[in-house]
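protein-v9.cif (mmCIF, C-alpha atoms) appears below.
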```
data_my_file
#
loop_
_atom_site.group_PDB
_atom_site.id
_atom_site.type_symbol
_atom_site.label_atom_id
_atom_site.label_comp_id
_atom_site.auth_asym_id
_atom_site.auth_seq_id
_atom_site.Cartn_x
_atom_site.Cartn_y
_atom_site.Cartn_z
ATOM 1 C CA MET F 1 -192.812 51.042 -28.971
ATOM 2 C CA LYS F 2 -193.709 51.147 -25.280
ATOM 3 C CA ASN F 3 -190.589 49.098 -24.422
ATOM 4 C CA ILE F 4 -188.377 51.403 -26.469
ATOM 5 C CA ILE F 5 -189.746 54.513 -24.768
ATOM 6 C CA SER F 6 -189.334 52.866 -21.363
ATOM 7 C CA SER F 7 -185.719 51.914 -22.139
ATOM 8 C CA LEU F 8 -184.889 55.414 -23.343
ATOM 9 C CA LEU F 9 -186.397 56.970 -20.218
ATOM 10 C CA MET F 10 -184.498 54.552 -17.986
ATOM 11 C CA THR F 11 -181.269 55.359 -19.806
ATOM 12 C CA ILE F 12 -181.748 59.100 -19.377
ATOM 13 C CA VAL F 13 -182.835 58.898 -15.726
ATOM 14 C CA GLY F 14 -180.020 56.513 -14.825
ATOM 15 C CA THR F 15 -177.421 58.657 -16.569
ATOM 16 C CA PHE F 16 -178.690 61.731 -14.744
ATOM 17 C CA LEU F 17 -178.173 59.942 -11.415
ATOM 18 C CA VAL F 18 -174.622 58.980 -12.383
ATOM 19 C CA ALA F 19 -173.780 62.590 -13.259
ATOM 20 C CA LEU F 20 -175.445 63.754 -10.039
ATOM 21 C CA ALA F 21 -173.320 61.395 -7.950
ATOM 22 C CA ILE F 22 -170.152 62.722 -9.568
ATOM 23 C CA ASN F 23 -170.915 66.430 -9.302
ATOM 24 C CA LEU F 24 -172.721 66.254 -5.966
ATOM 25 C CA VAL F 25 -170.330 64.008 -4.049
ATOM 26 C CA SER F 26 -167.259 62.675 -5.868
ATOM 27 C CA LEU F 27 -165.757 65.927 -7.154
ATOM 28 C CA PRO F 28 -166.428 68.106 -4.073
ATOM 29 C CA ASN F 29 -164.915 65.451 -1.794
ATOM 30 C CA GLU F 30 -162.056 64.616 -4.194
ATOM 31 C CA LEU F 31 -163.072 60.988 -4.321
ATOM 32 C CA GLY F 32 -162.094 58.493 -6.930
ATOM 33 C CA ASP F 33 -164.439 56.325 -8.917
ATOM 34 C CA GLY F 34 -164.353 53.279 -11.089
ATOM 35 C CA GLY F 35 -164.472 52.806 -14.823
ATOM 36 C CA VAL F 36 -163.903 55.523 -17.358
ATOM 37 C CA THR F 37 -165.384 58.010 -14.902
ATOM 38 C CA GLY F 38 -162.618 57.144 -12.467
ATOM 39 C CA PHE F 39 -159.955 57.474 -15.155
ATOM 40 C CA THR F 40 -161.511 60.782 -16.207
ATOM 41 C CA LEU F 41 -161.320 61.997 -12.607
ATOM 42 C CA PHE F 42 -157.692 60.874 -12.508
ATOM 43 C CA LEU F 43 -156.908 62.978 -15.578
ATOM 44 C CA HIS F 44 -158.830 65.886 -14.057
ATOM 45 C CA TYR F 45 -157.009 65.713 -10.720
ATOM 46 C CA THR F 46 -153.545 65.356 -12.283
ATOM 47 C CA LEU F 47 -153.760 67.277 -15.579
ATOM 48 C CA ASN F 48 -156.923 69.380 -15.080
ATOM 49 C CA PHE F 49 -158.678 67.777 -18.058
ATOM 50 C CA ASP F 50 -162.268 68.847 -18.703
ATOM 51 C CA ILE F 51 -164.442 66.065 -17.305
ATOM 52 C CA PRO F 52 -167.435 66.118 -19.738
ATOM 53 C CA LYS F 53 -165.237 66.247 -22.838
ATOM 54 C CA THR F 54 -162.756 63.651 -21.604
ATOM 55 C CA ALA F 55 -165.534 61.257 -20.581
ATOM 56 C CA PHE F 56 -167.184 61.606 -23.979
ATOM 57 C CA VAL F 57 -163.997 60.927 -25.966
ATOM 58 C CA LEU F 58 -162.931 57.938 -23.876
ATOM 59 C CA ASN F 59 -166.415 56.432 -23.936
ATOM 60 C CA VAL F 60 -166.680 56.751 -27.716
ATOM 61 C CA ILE F 61 -163.318 54.992 -28.146
ATOM 62 C CA ILE F 62 -164.424 52.066 -25.979
ATOM 63 C CA LEU F 63 -167.811 51.991 -27.678
ATOM 64 C CA ILE F 64 -166.033 51.443 -30.996
ATOM 65 C CA ILE F 65 -164.269 48.442 -29.421
ATOM 66 C CA GLY F 66 -167.589 46.932 -28.416
ATOM 67 C CA TRP F 67 -169.419 47.897 -31.598
ATOM 68 C CA LYS F 68 -169.486 44.403 -33.111
ATOM 69 C CA LEU F 69 -169.834 42.547 -29.838
ATOM 70 C CA LEU F 70 -173.014 44.129 -28.498
ATOM 71 C CA SER F 71 -176.529 44.230 -29.848
ATOM 72 C CA LYS F 72 -177.491 47.179 -32.026
ATOM 73 C CA MET F 73 -180.111 48.343 -29.549
ATOM 74 C CA THR F 74 -177.539 48.318 -26.753
ATOM 75 C CA ILE F 75 -175.244 50.412 -28.953
ATOM 76 C CA ILE F 76 -178.025 52.914 -29.609
ATOM 77 C CA TYR F 77 -178.931 53.216 -25.928
ATOM 78 C CA THR F 78 -175.242 53.515 -25.038
ATOM 79 C CA LEU F 79 -174.699 56.309 -27.552
ATOM 80 C CA LEU F 80 -177.621 58.133 -26.004
ATOM 81 C CA SER F 81 -176.261 57.494 -22.525
ATOM 82 C CA ILE F 82 -172.757 58.726 -23.429
ATOM 83 C CA ALA F 83 -174.135 61.946 -24.868
ATOM 84 C CA ALA F 84 -176.521 62.387 -21.931
ATOM 85 C CA LEU F 85 -173.749 61.773 -19.402
ATOM 86 C CA SER F 86 -171.507 64.458 -20.892
ATOM 87 C CA PHE F 87 -174.481 66.824 -21.071
ATOM 88 C CA PHE F 88 -175.552 66.214 -17.469
ATOM 89 C CA LEU F 89 -171.966 66.498 -16.204
ATOM 90 C CA LYS F 90 -171.869 69.924 -17.778
ATOM 91 C CA VAL F 91 -175.266 71.294 -16.727
ATOM 92 C CA VAL F 92 -176.026 69.512 -13.439
ATOM 93 C CA GLN F 93 -174.229 71.604 -10.845
ATOM 94 C CA PRO F 94 -175.882 70.980 -7.453
ATOM 95 C CA THR F 95 -174.728 72.426 -4.150
ATOM 96 C CA PRO F 96 -171.749 70.254 -3.149
ATOM 97 C CA PHE F 97 -172.367 67.655 -0.469
ATOM 98 C CA ILE F 98 -169.362 67.664 1.879
ATOM 99 C CA PRO F 99 -170.209 65.794 5.102
ATOM 100 C CA ASP F 100 -168.271 66.140 8.338
ATOM 101 C CA ASN F 101 -167.749 62.389 8.420
ATOM 102 C CA GLN F 102 -165.727 61.449 5.338
ATOM 103 C CA LEU F 103 -167.191 57.942 5.219
ATOM 104 C CA VAL F 104 -170.662 59.341 4.528
ATOM 105 C CA ALA F 105 -169.607 60.731 1.146
ATOM 106 C CA PRO F 106 -168.771 57.395 -0.548
ATOM 107 C CA LEU F 107 -171.911 55.856 0.929
ATOM 108 C CA VAL F 108 -174.112 58.529 -0.629
ATOM 109 C CA SER F 109 -172.177 58.390 -3.882
ATOM 110 C CA GLY F 110 -172.335 54.583 -3.969
ATOM 111 C CA VAL F 111 -176.107 54.485 -3.519
ATOM 112 C CA ILE F 112 -176.778 57.112 -6.192
ATOM 113 C CA MET F 113 -174.177 55.762 -8.613
ATOM 114 C CA GLY F 114 -175.234 52.121 -8.226
ATOM 115 C CA THR F 115 -178.886 52.988 -8.682
ATOM 116 C CA GLY F 116 -178.125 55.056 -11.777
ATOM 117 C CA LEU F 117 -175.966 52.377 -13.400
ATOM 118 C CA GLY F 118 -178.508 49.703 -12.527
ATOM 119 C CA ILE F 119 -181.370 51.633 -14.110
ATOM 120 C CA VAL F 120 -179.352 52.211 -17.278
ATOM 121 C CA ILE F 121 -178.359 48.554 -17.661
ATOM 122 C CA ARG F 122 -181.902 47.358 -16.875
ATOM 123 C CA GLY F 123 -183.011 49.709 -19.651
ATOM 124 C CA GLY F 124 -180.799 47.839 -22.108
ATOM 125 C CA GLY F 125 -177.795 50.138 -22.374
ATOM 126 C CA SER F 126 -174.780 51.268 -20.408
ATOM 127 C CA THR F 127 -173.121 54.509 -19.491
ATOM 128 C CA GLY F 128 -170.226 53.589 -21.744
ATOM 129 C CA GLY F 129 -166.663 52.938 -20.702
ATOM 130 C CA THR F 130 -165.957 49.870 -18.620
ATOM 131 C CA ASP F 131 -169.686 49.144 -18.489
ATOM 132 C CA ILE F 132 -169.315 48.075 -22.112
ATOM 133 C CA LEU F 133 -166.241 45.991 -21.301
ATOM 134 C CA ALA F 134 -168.147 44.449 -18.374
ATOM 135 C CA LEU F 135 -171.081 43.588 -20.645
ATOM 136 C CA ILE F 136 -168.653 42.004 -23.110
ATOM 137 C CA LEU F 137 -167.056 39.886 -20.366
ATOM 138 C CA ASN F 138 -170.501 38.932 -19.103
ATOM 139 C CA LYS F 139 -171.612 37.905 -22.593
ATOM 140 C CA TYR F 140 -168.541 35.947 -23.651
ATOM 141 C CA ALA F 141 -166.740 34.939 -20.432
ATOM 142 C CA GLY F 142 -169.689 34.422 -18.106
ATOM 143 C CA ILE F 143 -168.333 36.878 -15.527
ATOM 144 C CA SER F 144 -171.091 38.794 -13.754
ATOM 145 C CA VAL F 145 -171.395 42.469 -14.626
ATOM 146 C CA SER F 146 -170.684 43.590 -11.070
ATOM 147 C CA ASN F 147 -167.553 41.387 -10.729
ATOM 148 C CA ALA F 148 -166.210 42.526 -14.095
ATOM 149 C CA LEU F 149 -166.677 46.131 -13.053
ATOM 150 C CA LEU F 150 -164.813 45.437 -9.819
ATOM 151 C CA ILE F 151 -161.825 44.148 -11.795
ATOM 152 C CA PHE F 152 -161.657 47.255 -13.965
ATOM 153 C CA ASP F 153 -162.356 49.505 -11.011
ATOM 154 C CA GLY F 154 -159.503 47.937 -9.046
ATOM 155 C CA VAL F 155 -156.999 48.867 -11.751
ATOM 156 C CA ILE F 156 -158.302 52.401 -12.146
ATOM 157 C CA ILE F 157 -158.607 53.133 -8.444
ATOM 158 C CA SER F 158 -154.973 52.071 -8.078
ATOM 159 C CA LEU F 159 -154.044 54.959 -10.376
ATOM 160 C CA LEU F 160 -156.201 57.311 -8.348
ATOM 161 C CA PHE F 161 -154.224 56.515 -5.202
ATOM 162 C CA PHE F 162 -151.383 58.520 -6.711
ATOM 163 C CA ALA F 163 -153.658 61.480 -7.436
ATOM 164 C CA ILE F 164 -155.829 61.726 -4.316
ATOM 165 C CA GLY F 165 -153.724 59.938 -1.712
ATOM 166 C CA LEU F 166 -154.042 56.718 0.242
ATOM 167 C CA GLU F 167 -156.785 57.881 2.639
ATOM 168 C CA LYS F 168 -159.190 59.222 0.016
ATOM 169 C CA GLY F 169 -158.371 56.303 -2.242
ATOM 170 C CA ALA F 170 -159.302 53.831 0.490
ATOM 171 C CA ILE F 171 -162.522 55.721 1.209
ATOM 172 C CA SER F 172 -163.348 55.707 -2.495
ATOM 173 C CA ILE F 173 -163.186 51.907 -2.493
ATOM 174 C CA VAL F 174 -166.066 51.866 0.003
ATOM 175 C CA GLY F 175 -168.265 53.685 -2.495
ATOM 176 C CA ILE F 176 -167.195 51.429 -5.362
ATOM 177 C CA LEU F 177 -167.946 48.272 -3.386
ATOM 178 C CA LEU F 178 -171.323 49.652 -2.383
ATOM 179 C CA TYR F 179 -172.412 50.661 -5.862
ATOM 180 C CA SER F 180 -171.276 47.330 -7.310
ATOM 181 C CA ARG F 181 -173.574 45.550 -4.847
ATOM 182 C CA ILE F 182 -176.471 47.861 -5.625
ATOM 183 C CA LEU F 183 -175.817 47.411 -9.337
ATOM 184 C CA ASN F 184 -175.917 43.655 -8.886
ATOM 185 C CA PHE F 185 -179.275 44.049 -7.138
ATOM 186 C CA TRP F 186 -180.696 45.947 -10.123
ATOM 187 C CA VAL F 187 -179.246 43.595 -12.732
ATOM 188 C CA THR F 188 -179.892 40.174 -11.182
ATOM 189 C CA GLY F 189 -182.695 41.045 -8.796
ATOM 190 C CA TYR F 190 -182.912 39.984 -5.195
ATOM 191 C CA ASN F 191 -185.206 37.072 -4.537
ATOM 192 C CA PRO F 192 -183.241 34.917 -2.094
ATOM 193 C CA LYS F 193 -184.416 31.389 -1.443
ATOM 194 C CA ASN F 194 -182.958 28.127 -0.178
ATOM 195 C CA ALA F 195 -182.415 25.020 -2.258
ATOM 196 C CA LEU F 196 -182.426 21.763 -0.315
ATOM 197 C CA PHE F 197 -181.076 18.388 -1.409
ATOM 198 C CA VAL F 198 -182.393 15.563 0.749
ATOM 199 C CA ILE F 199 -181.167 11.951 0.566
ATOM 200 C CA SER F 200 -183.266 9.486 2.513
ATOM 201 C CA GLU F 201 -184.703 5.992 2.256
ATOM 202 C CA LYS F 202 -188.028 7.583 3.200
ATOM 203 C CA HIS F 203 -187.994 10.076 0.336
ATOM 204 C CA GLU F 204 -191.601 9.358 -0.695
ATOM 205 C CA GLU F 205 -192.947 10.098 2.785
ATOM 206 C CA ILE F 206 -190.792 13.211 3.121
ATOM 207 C CA GLY F 207 -191.798 14.523 -0.296
ATOM 208 C CA ASN F 208 -195.490 14.033 0.394
ATOM 209 C CA GLU F 209 -195.221 15.756 3.761
ATOM 210 C CA ILE F 210 -193.403 18.767 2.269
ATOM 211 C CA MET F 211 -196.031 19.182 -0.428
ATOM 212 C CA ASP F 212 -198.852 18.732 2.051
ATOM 213 C CA LYS F 213 -197.586 20.899 4.916
ATOM 214 C CA VAL F 214 -195.344 23.495 3.209
ATOM 215 C CA LYS F 215 -197.091 23.582 -0.170
ATOM 216 C CA ARG F 216 -193.884 23.409 -2.164
ATOM 217 C CA GLY F 217 -193.190 21.292 -5.226
ATOM 218 C CA VAL F 218 -190.583 18.566 -4.902
ATOM 219 C CA THR F 219 -188.378 17.122 -7.646
ATOM 220 C CA ILE F 220 -186.747 13.694 -7.429
ATOM 221 C CA PHE F 221 -183.342 12.945 -8.952
ATOM 222 C CA SER F 222 -181.917 9.477 -9.317
ATOM 223 C CA GLY F 223 -178.478 9.182 -7.764
ATOM 224 C CA TYR F 224 -175.851 6.526 -7.149
ATOM 225 C CA GLY F 225 -173.858 6.138 -3.941
ATOM 226 C CA PHE F 226 -170.199 5.886 -4.888
ATOM 227 C CA TYR F 227 -169.223 4.133 -1.650
ATOM 228 C CA SER F 228 -172.346 2.027 -1.090
ATOM 229 C CA LYS F 229 -172.915 1.342 -4.806
ATOM 230 C CA ALA F 230 -176.617 1.701 -4.066
ATOM 231 C CA GLN F 231 -179.229 3.652 -5.992
ATOM 232 C CA ARG F 232 -180.388 6.788 -4.198
ATOM 233 C CA GLN F 233 -183.389 9.028 -4.679
ATOM 234 C CA ILE F 234 -182.572 12.689 -4.085
ATOM 235 C CA LEU F 235 -185.268 15.204 -3.239
ATOM 236 C CA TYR F 236 -184.813 18.759 -4.476
ATOM 237 C CA VAL F 237 -186.988 21.571 -3.138
ATOM 238 C CA VAL F 238 -186.714 25.381 -3.129
ATOM 239 C CA VAL F 239 -188.228 27.256 -0.187
ATOM 240 C CA SER F 240 -188.230 30.705 1.353
ATOM 241 C CA ASN F 241 -186.237 31.556 4.457
ATOM 242 C CA ARG F 242 -189.344 31.230 6.607
ATOM 243 C CA GLN F 243 -190.095 27.765 5.215
ATOM 244 C CA LEU F 244 -186.567 26.408 5.627
ATOM 245 C CA MET F 245 -186.885 25.361 9.266
ATOM 246 C CA ALA F 246 -190.297 23.805 8.617
ATOM 247 C CA VAL F 247 -188.870 21.591 5.867
ATOM 248 C CA LYS F 248 -185.838 20.600 7.953
ATOM 249 C CA LYS F 249 -188.136 19.717 10.835
ATOM 250 C CA ILE F 250 -190.261 17.515 8.557
ATOM 251 C CA VAL F 251 -187.166 15.692 7.279
ATOM 252 C CA HIS F 252 -185.696 15.128 10.756
ATOM 253 C CA ASN F 253 -189.018 13.941 12.198
ATOM 254 C CA ILE F 254 -189.464 11.348 9.446
ATOM 255 C CA ASP F 255 -185.831 10.302 9.076
ATOM 256 C CA PRO F 256 -183.312 11.614 11.666
ATOM 257 C CA LYS F 257 -180.485 10.047 9.640
ATOM 258 C CA ALA F 258 -181.411 11.819 6.381
ATOM 259 C CA PHE F 259 -178.697 13.755 4.591
ATOM 260 C CA ILE F 260 -179.602 17.423 3.979
ATOM 261 C CA ALA F 261 -177.626 19.992 1.997
ATOM 262 C CA VAL F 262 -178.843 23.588 1.921
ATOM 263 C CA ASN F 263 -177.656 26.111 -0.657
ATOM 264 C CA ASP F 264 -178.416 29.809 -0.865
ATOM 265 C CA VAL F 265 -180.232 30.763 -4.063
ATOM 266 C CA GLN F 266 -180.030 34.423 -4.987
ATOM 267 C CA GLN F 267 -182.949 34.533 -7.385
ATOM 268 C CA VAL F 268 -185.886 32.288 -8.230
ATOM 269 C CA ASP F 269 -188.284 32.825 -11.106
ATOM 270 C CA GLY F 270 -191.248 30.710 -12.006
ATOM 271 C CA GLU F 271 -194.453 29.197 -10.768
ATOM 272 C CA GLY F 272 -195.129 29.702 -7.091
ATOM 273 C CA PHE F 273 -192.442 32.362 -6.693
ATOM 274 C CA THR F 274 -192.794 35.096 -9.316
ATOM 275 C CA PHE F 275 -196.185 34.001 -10.639
ATOM 276 C CA LEU F 276 -199.018 31.669 -9.743
ATOM 277 C CA ARG F 277 -200.551 28.929 -11.815
ATOM 278 C CA GLU F 278 -203.419 29.779 -14.086
ATOM 279 C CA PRO F 279 -206.645 30.186 -12.067
ATOM 280 C CA GLU F 280 -208.441 27.339 -13.839
ATOM 281 C CA GLU F 281 -205.652 24.953 -12.815
ATOM 282 C CA MET F 282 -205.814 25.873 -9.149
ATOM 283 C CA THR F 283 -208.217 24.976 -6.412
ATOM 284 C CA LEU F 284 -209.183 27.662 -3.922
ATOM 285 C CA GLU F 285 -207.370 25.793 -1.172
ATOM 286 C CA THR F 286 -204.111 25.608 -3.137
ATOM 287 C CA ASP F 287 -204.351 29.262 -4.179
ATOM 288 C CA GLU F 288 -204.744 30.434 -0.588
ATOM 289 C CA SER F 289 -201.959 28.218 0.698
ATOM 290 C CA ILE F 290 -199.457 29.518 -1.859
ATOM 291 C CA LEU F 291 -200.328 33.096 -1.079
ATOM 292 C CA ASN F 292 -199.811 32.393 2.605
ATOM 293 C CA THR F 293 -196.500 30.572 2.251
ATOM 294 C CA ASN F 294 -194.697 32.621 -0.407
ATOM 295 C CA GLY F 295 -192.199 35.278 0.636
#
```
Would you write the structure of this file as structure tokens?
Amino acid sequence: MKNIISSLLMTIVGTFLVALAINLVSLPNELGDGGVTGFTLFLHYTLNFDIPKTAFVLNVIILIIGWKLLSKMTIIYTLLSIAALSFFLKVVQPTPFIPDNQLVAPLVSGVIMGTGLGIVIRGGGSTGGTDILALILNKYAGISVSNALLIFDGVIISLLFFAIGLEKGAISIVGILLYSRILNFWVTGYNPKNALFVISEKHEEIGNEIMDKVKRGVTIFSGYGFYSKAQRQILYVVVSNRQLMAVKKIVHNIDPKAFIAVNDVQQVDGEGFTFLREPEEMTLETDESILNTNG
């Protein structure tokens, strides 16, 4: 019950922020937007369609398309979000924000819009429209939500160029790019780390030194050199940005000829990063060292 209440509150709060971004920034500055909201703005700018009503009708149509492809709880939260969005678009009428510098408007809109969409999706729903299509692509095609939204937004913003002009259309893209990044932050989290692959004849010594000095777990993979035809042991370790140089220094000091590949890792969950081991399994020394080296 607590999770349901939390999801409903997140859906309502997020939807409010989306409506606020539209009425506070997008409409007063004649900016475009992505998704169904962007198409609704296009119809408003060109044919003077009523925004709340148009958004509701279009969102319901797309919701029907995704009815069998999304979970029932997502459908319920989305229905709530669609109704709330139309309601907030109608009643939330803040003093328009029209900055002297035109680039400020899409920045403000992008932050508010991205935060609102992120809260809604983290709550288990969507604001309807292309959010649903993005969730469908994410579920069945493996495309990230933010990238799927960018695809749909690109098509819709192209239409808006004809309605609001090249300059405002280009400025609108800034806001769309910003809110897609913020949305990605909310959906996938932001816990950047570095994954290192180390190939060395002295892998045992290197692994022991990393665990002893950096306090990070090390995994060993068995590999096979295609050219040399020799068996190789590959060390795999994930470290924070601050620990990266320490690990590289350890490897180079032990084996200057070691092969090292470093990959950026956007998010890491699990023991030592998002939670610690159970207290009874940890010594005081290990506990303190992890707390000092995480981050």
For the PyMOL selection byres ((chain F and resi 31) around 7), applied here, can you spell out every residue it catches as a list in words?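 So the PyMOL selection byres ((chain F and resi 31) around 7), applied here, picks out Ser26, Leu27, Asn29, Glu30, Gly32, Asp33, Lys168, Gly169 and Ser172 of chain F.
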Nearest to Asn253 of chain F: which of F:Lys202, F:Ala163, F:Arg232, F:Ile5 is it, counting only C-alpha atoms? F:Lys202
Do you know which residues are at most 10 Å from segment 141-156 of chain F counting only C-alpha atoms, after dropping those on the same chain fewer than 2 positions away, and could you put them as a CSV table (one decimal) with C-alpha atoms, in the frame of the given file?
```csv
chain,number,residue,atom,x,y,z
F,32,GLY,CA,-162.1,58.5,-6.9
F,33,ASP,CA,-164.4,56.3,-8.9
F,34,GLY,CA,-164.4,53.3,-11.1
F,35,GLY,CA,-164.5,52.8,-14.8
F,36,VAL,CA,-163.9,55.5,-17.4
F,37,THR,CA,-165.4,58.0,-14.9
F,38,GLY,CA,-162.6,57.1,-12.5
F,39,PHE,CA,-160.0,57.5,-15.2
F,40,THR,CA,-161.5,60.8,-16.2
F,42,PHE,CA,-157.7,60.9,-12.5
F,121,ILE,CA,-178.4,48.6,-17.7
F,130,THR,CA,-166.0,49.9,-18.6
F,131,ASP,CA,-169.7,49.1,-18.5
F,132,ILE,CA,-169.3,48.1,-22.1
F,133,LEU,CA,-166.2,46.0,-21.3
F,134,ALA,CA,-168.1,44.4,-18.4
F,135,LEU,CA,-171.1,43.6,-20.6
F,136,ILE,CA,-168.7,42.0,-23.1
F,137,LEU,CA,-167.1,39.9,-20.4
F,138,ASN,CA,-170.5,38.9,-19.1
F,139,LYS,CA,-171.6,37.9,-22.6
F,158,SER,CA,-155.0,52.1,-8.1
F,159,LEU,CA,-154.0,55.0,-10.4
F,160,LEU,CA,-156.2,57.3,-8.3
F,161,PHE,CA,-154.2,56.5,-5.2
F,173,ILE,CA,-163.2,51.9,-2.5
F,176,ILE,CA,-167.2,51.4,-5.4
F,177,LEU,CA,-167.9,48.3,-3.4
F,179,TYR,CA,-172.4,50.7,-5.9
F,180,SER,CA,-171.3,47.3,-7.3
F,181,ARG,CA,-173.6,45.6,-4.8
F,182,ILE,CA,-176.5,47.9,-5.6
F,183,LEU,CA,-175.8,47.4,-9.3
F,184,ASN,CA,-175.9,43.7,-8.9
F,185,PHE,CA,-179.3,44.0,-7.1
F,187,VAL,CA,-179.2,43.6,-12.7
F,188,THR,CA,-179.9,40.2,-11.2
```
Under the PyMOL selection byres ((chain F and resi 9) around 12), which residues of this model are included? Write them out as number ranges by chain. F: 2-8, 10-16, 77, 80-81, 84, 116, 119-125
For Ala246 of chain F, which of F:Ile206, F:Val92, F:Val60, F:Val174 is the closest residue, counting all atoms listed in the file? F:Ile206
Within 10 Å of Asp50 of chain F using all atoms listed in the file, minus same-chain residues under 6 positions, as JSON, numbers by chain: {"F": [40, 41, 43, 44, 90]}
Convert the current residue selection to file output with C-alpha atoms, as an mmCIF file, in the coordinates of the input.
```cif
data_model
loop_
_atom_site.group_PDB
_atom_site.id
_atom_site.type_symbol
_atom_site.label_atom_id
_atom_site.label_comp_id
_atom_site.auth_asym_id
_atom_site.auth_seq_id
_atom_site.Cartn_x
_atom_site.Cartn_y
_atom_site.Cartn_z
ATOM 1 C CA THR F 40 -161.511 60.782 -16.207
ATOM 2 C CA LEU F 41 -161.320 61.997 -12.607
ATOM 3 C CA LEU F 43 -156.908 62.978 -15.578
ATOM 4 C CA HIS F 44 -158.830 65.886 -14.057
ATOM 5 C CA LYS F 90 -171.869 69.924 -17.778
#
```
Between atom CA of Ser228 of chain F and atom CA of Val251 of chain F, what is the spacing in Å?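 Interatomic distance, atom CA of Val251 of chain F to atom CA of Ser228 of chain F: 21.8 Å.
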In Å, with one decimal, what is the gap from atom CA of Ile65 of chain F to atom CA of Leu17 of chain F?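 About the pair atom CA of Ile65 of chain F and atom CA of Leu17 of chain F: they are 25.5 Å apart.
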Closest of F:Ile171, F:Ala230, F:Val265, F:Ile61 to Gln102 of chain F - atom-to-atom distances counting all atoms listed in the file: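 Of the candidates, the smallest distance to Gln102 of chain F is held by F:Ile171.
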Quick one: distance from atom CA of Asn48 of chain F to atom CA of Leu24 of chain F in Å, one decimal?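 Value for the atom CA of Asn48 of chain F-atom CA of Leu24 of chain F distance: 18.5 Å.
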Apply the PyMOL selection byres ((chain F and resi 200) around 12) to the file shown and report the selected residues as a VMD selection string. chain F and resid 197 to 199 201 to 207 220 to 223 225 231 to 236 251 to 252 254 to 261
Spatial sel., origin (-171.9, 61.7, -7.7), limit 9 Å, all atoms listed in the file, listed as a PyMOL selection string: chain F and resi 17-27+106+108-110+112-113
Select segment 8-20 of chain F in the preceding structure and write N, CA and C atoms to a file as a PDB file, in the first residue's frame.
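So the final result, stored in decode.pdb, reads:
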```
ATOM      1  N   LEU F   8       1.607   6.997  -6.703  1.00  0.00           N
ATOM      2  CA  LEU F   8       0.559   7.952  -7.073  1.00  0.00           C
ATOM      3  C   LEU F   8       1.003   9.383  -6.807  1.00  0.00           C
ATOM      4  N   LEU F   9       1.655   9.600  -5.668  1.00  0.00           N
ATOM      5  CA  LEU F   9       2.135  10.946  -5.340  1.00  0.00           C
ATOM      6  C   LEU F   9       3.208  11.397  -6.327  1.00  0.00           C
ATOM      7  N   MET F  10       4.100  10.480  -6.687  1.00  0.00           N
ATOM      8  CA  MET F  10       5.145  10.819  -7.654  1.00  0.00           C
ATOM      9  C   MET F  10       4.551  11.145  -9.016  1.00  0.00           C
ATOM     10  N   THR F  11       3.525  10.410  -9.396  1.00  0.00           N
ATOM     11  CA  THR F  11       2.855  10.665 -10.676  1.00  0.00           C
ATOM     12  C   THR F  11       2.214  12.044 -10.688  1.00  0.00           C
ATOM     13  N   ILE F  12       1.547  12.400  -9.618  1.00  0.00           N
ATOM     14  CA  ILE F  12       0.863  13.693  -9.547  1.00  0.00           C
ATOM     15  C   ILE F  12       1.872  14.845  -9.504  1.00  0.00           C
ATOM     16  N   VAL F  13       2.902  14.705  -8.654  1.00  0.00           N
ATOM     17  CA  VAL F  13       3.906  15.762  -8.543  1.00  0.00           C
ATOM     18  C   VAL F  13       4.655  15.944  -9.861  1.00  0.00           C
ATOM     19  N   GLY F  14       5.052  14.831 -10.477  1.00  0.00           N
ATOM     20  CA  GLY F  14       5.770  14.916 -11.743  1.00  0.00           C
ATOM     21  C   GLY F  14       4.936  15.541 -12.835  1.00  0.00           C
ATOM     22  N   THR F  15       3.663  15.181 -12.895  1.00  0.00           N
ATOM     23  CA  THR F  15       2.764  15.736 -13.908  1.00  0.00           C
ATOM     24  C   THR F  15       2.557  17.239 -13.695  1.00  0.00           C
ATOM     25  N   PHE F  16       2.477  17.633 -12.443  1.00  0.00           N
ATOM     26  CA  PHE F  16       2.356  19.063 -12.131  1.00  0.00           C
ATOM     27  C   PHE F  16       3.558  19.840 -12.672  1.00  0.00           C
ATOM     28  N   LEU F  17       4.761  19.273 -12.500  1.00  0.00           N
ATOM     29  CA  LEU F  17       5.968  19.938 -12.983  1.00  0.00           C
ATOM     30  C   LEU F  17       5.981  20.043 -14.510  1.00  0.00           C
ATOM     31  N   VAL F  18       5.488  19.012 -15.179  1.00  0.00           N
ATOM     32  CA  VAL F  18       5.415  19.048 -16.640  1.00  0.00           C
ATOM     33  C   VAL F  18       4.479  20.168 -17.094  1.00  0.00           C
ATOM     34  N   ALA F  19       3.302  20.249 -16.480  1.00  0.00           N
ATOM     35  CA  ALA F  19       2.351  21.305 -16.824  1.00  0.00           C
ATOM     36  C   ALA F  19       2.927  22.676 -16.496  1.00  0.00           C
ATOM     37  N   LEU F  20       3.648  22.771 -15.395  1.00  0.00           N
ATOM     38  CA  LEU F  20       4.267  24.047 -15.006  1.00  0.00           C
ATOM     39  C   LEU F  20       5.289  24.492 -16.039  1.00  0.00           C
TER      40      LEU F  20
END
```
